[in-house]
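Novice: Could you have a look at this structure, given as structure tokens, before my questions?
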Amino acid sequence: MTSPYPRDDFDAVDPPRDGRRGAHRAAPPRSHGFAAPLVVAAVVAVAGVAGYAALDLGGAAVAASSAAPSADAQAAGAPADGAPADAAAGSGDAPSEPAPAPAAEVDRSTPVVVLNGTGTKGLAATTAATVEAAGWTVSSTGNASSAQRSAHTSTVVLYPSADLEAGATALAGTVAGEAVLDASATAGTLTAVLR
């Protein structure tokens, strides 16, 4: 059928690539690409880390709160060892609980060697400053040997004998590591191997 109208520029329009025709066709949906799943993964990861930290700190807070009574409880006459108030009044029915053992005194004058077992340049020096700020005596810093790097996949504090265990445990808390008894460690010295 021929049109009674003359041909013009609008008659030479190419058909749309998706094959749809008409004035009311919708635009094709836009893809969000990889950004949306990446954002969702990041939010889930942050929520997981926050949840883990809350559980980890929550356990420590419960242990700390059960170990030390509050000032309000002591002011109200509650006994310091956590026994009920009527037991402290002399009822004699409840057995007394033994007092907790005092914490072992940590000798922070023990020499500390800080060794970098990572590829991060200057980590030993930075950690040594943190260790010194916590009251320890850093005798030297350096790089961990390949044997030390292969033997330990996480940060450790090596101590050569049981008499240094309390110090090693305290230092491990400072460097966010674990205290490990190692008879081949330098005598009289704590060695932090950072990983």
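By order of appearance in the structure tokens: chains A, B, ..., then residues from 1 within every chain, and ligands from 1 in the order shown.
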Which parts of region 120-184 of chain A does DSSP call strand (DSSP E or B) when run on the backbone here, written out as JSON, numbers by chain?
Specialist: {"A": [137, 138, 139, 140, 141, 142, 143, 156, 157, 158, 159, 178, 179, 180, 181]}
Novice: Nearest to Thr174 (chain A): which of A:Gln148, A:Thr130, A:Thr153, A:Thr137 is it, counting only C-alpha atoms?
Specialist: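 Closest residue, counting only C-alpha atoms: A:Thr130.
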Novice: Figure out the distance between CA of Pro160 (chain A) and CA of Thr191 (chain A), please, to one decimal in Å.
Specialist: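 Distance between the two atoms: 9.2 Å.
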Novice: Ranking A:Ala45, A:Ala35, A:Ala53, A:Val193 by minimum distance to Leu123 (chain A) and counting only C-alpha atoms, which one comes first?
Specialist: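 The closest residue to Leu123 (chain A) is A:Val193.
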Novice: Write out as a list in words the residues lying within 10 Å of Asp107 (chain A), counting only C-alpha atoms and excluding same-chain residues fewer than 5 positions away.
Specialist: Gly135, Trp136, Leu164, Ala166, Gly167, Ala168 and Ala170 of chain A
Novice: Taking C-alpha atoms for each residue, export the selection above as a PDB file, in the first residue's frame.
Specialist:
ATOM      1  CA  GLY A 135      56.934  -1.196  79.154  1.00  0.00           C
ATOM      2  CA  TRP A 136      59.068  -3.932  77.577  1.00  0.00           C
ATOM      3  CA  LEU A 164      59.378 -16.988  80.983  1.00  0.00           C
ATOM      4  CA  ALA A 166      54.002 -15.497  82.037  1.00  0.00           C
ATOM      5  CA  GLY A 167      56.064 -12.823  80.281  1.00  0.00           C
ATOM      6  CA  ALA A 168      55.608 -14.503  76.900  1.00  0.00           C
ATOM      7  CA  ALA A 170      51.728 -10.959  78.375  1.00  0.00           C
TER       8      ALA A 170
END
Novice: Which one is closest to Val175 (chain A): A:Tyr159, A:Thr127, A:Glu132, A:Leu55? Count only C-alpha atoms.
Specialist: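 Ranked by minimum distance to Val175 (chain A), first place goes to A:Thr127.
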Novice: Which residue out of A:Arg195, A:Ala162, A:Tyr5, A:Val157 has the minimum interatomic distance to Ala179 (chain A) when only C-alpha atoms are used?
Specialist: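 Counting only C-alpha atoms, the residue closest to Ala179 (chain A) is A:Val157.
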Novice: For Gly177 (chain A), which residue out of A:Ala192, A:Val49, A:Ala54, A:Val114 is the nearest one, using only C-alpha atoms?
Specialist: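 Closest residue, counting only C-alpha atoms: A:Ala192.
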Novice: Using only C-alpha atoms, find the one residue out of A:Ala134, A:Arg149, A:Asp8, A:Ala125 that sits nearest to Ala172 (chain A).
Specialist: A:Ala134
Novice: Skipping near chain neighbours, those fewer than 2 positions away, what residues fall within 12 Å of Ser161 (chain A) using only C-alpha atoms, listed as JSON, numbers by chain?
Specialist: {"A": [158, 159, 163, 164, 165, 166, 167, 168, 179, 180, 181, 182, 183, 184, 185, 186, 187, 188, 189, 190]}
Novice: Would you export the selected residues with N, CA and C atoms as an mmCIF file, in the first residue's frame, please?
Specialist:
data_model
loop_
_atom_site.group_PDB
_atom_site.id
_atom_site.type_symbol
_atom_site.label_atom_id
_atom_site.label_comp_id
_atom_site.auth_asym_id
_atom_site.auth_seq_id
_atom_site.Cartn_x
_atom_site.Cartn_y
_atom_site.Cartn_z
ATOM 1 N N LEU A 158 58.084 -16.570 71.068
ATOM 2 C CA LEU A 158 58.829 -17.767 71.446
ATOM 3 C C LEU A 158 59.535 -17.524 72.770
ATOM 4 N N TYR A 159 59.432 -18.486 73.676
ATOM 5 C CA TYR A 159 60.145 -18.395 74.952
ATOM 6 C C TYR A 159 60.850 -19.725 75.190
ATOM 7 N N ASP A 163 59.966 -20.633 82.943
ATOM 8 C CA ASP A 163 59.990 -19.476 83.832
ATOM 9 C C ASP A 163 59.659 -18.173 83.100
ATOM 10 N N LEU A 164 59.716 -18.185 81.768
ATOM 11 C CA LEU A 164 59.378 -16.988 80.983
ATOM 12 C C LEU A 164 57.965 -17.053 80.384
ATOM 13 N N GLU A 165 57.202 -18.070 80.759
ATOM 14 C CA GLU A 165 55.876 -18.254 80.163
ATOM 15 C C GLU A 165 54.930 -17.084 80.458
ATOM 16 N N ALA A 166 54.909 -16.600 81.687
ATOM 17 C CA ALA A 166 54.002 -15.497 82.037
ATOM 18 C C ALA A 166 54.353 -14.253 81.225
ATOM 19 N N GLY A 167 55.640 -13.967 81.088
ATOM 20 C CA GLY A 167 56.064 -12.823 80.281
ATOM 21 C C GLY A 167 55.720 -13.002 78.819
ATOM 22 N N ALA A 168 55.917 -14.227 78.306
ATOM 23 C CA ALA A 168 55.608 -14.503 76.900
ATOM 24 C C ALA A 168 54.116 -14.338 76.630
ATOM 25 N N ALA A 179 51.766 -17.292 72.665
ATOM 26 C CA ALA A 179 53.019 -17.687 73.313
ATOM 27 C C ALA A 179 53.299 -19.148 72.997
ATOM 28 N N VAL A 180 54.537 -19.441 72.537
ATOM 29 C CA VAL A 180 54.910 -20.800 72.146
ATOM 30 C C VAL A 180 56.240 -21.150 72.806
ATOM 31 N N LEU A 181 56.273 -22.262 73.540
ATOM 32 C CA LEU A 181 57.503 -22.743 74.149
ATOM 33 C C LEU A 181 58.388 -23.307 73.046
ATOM 34 N N ASP A 182 59.614 -22.805 72.947
ATOM 35 C CA ASP A 182 60.561 -23.244 71.922
ATOM 36 C C ASP A 182 61.932 -23.330 72.576
ATOM 37 N N ALA A 183 62.388 -24.562 72.833
ATOM 38 C CA ALA A 183 63.658 -24.762 73.531
ATOM 39 C C ALA A 183 64.835 -24.209 72.746
ATOM 40 N N SER A 184 64.677 -24.037 71.430
ATOM 41 C CA SER A 184 65.783 -23.509 70.628
ATOM 42 C C SER A 184 65.825 -21.981 70.623
ATOM 43 N N ALA A 185 64.856 -21.339 71.281
ATOM 44 C CA ALA A 185 64.850 -19.871 71.354
ATOM 45 C C ALA A 185 66.016 -19.413 72.226
ATOM 46 N N THR A 186 66.452 -18.178 72.011
ATOM 47 C CA THR A 186 67.579 -17.627 72.753
ATOM 48 C C THR A 186 67.267 -17.587 74.244
ATOM 49 N N ALA A 187 68.192 -18.123 75.049
ATOM 50 C CA ALA A 187 67.994 -18.204 76.498
ATOM 51 C C ALA A 187 67.809 -16.813 77.099
ATOM 52 N N GLY A 188 66.829 -16.689 78.004
ATOM 53 C CA GLY A 188 66.596 -15.440 78.711
ATOM 54 C C GLY A 188 65.983 -14.342 77.874
ATOM 55 N N THR A 189 65.482 -14.681 76.703
ATOM 56 C CA THR A 189 64.946 -13.682 75.774
ATOM 57 C C THR A 189 63.590 -14.131 75.247
ATOM 58 N N LEU A 190 62.699 -13.187 75.041
ATOM 59 C CA LEU A 190 61.436 -13.428 74.359
ATOM 60 C C LEU A 190 61.586 -12.975 72.916
#
Novice: At what distance in Å, to one decimal, does CA of Ser139 (chain A) lie from CA of Pro111 (chain A)?
Specialist: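 Between CA of Pro111 (chain A) and CA of Ser139 (chain A) the gap works out to 5.5 Å.
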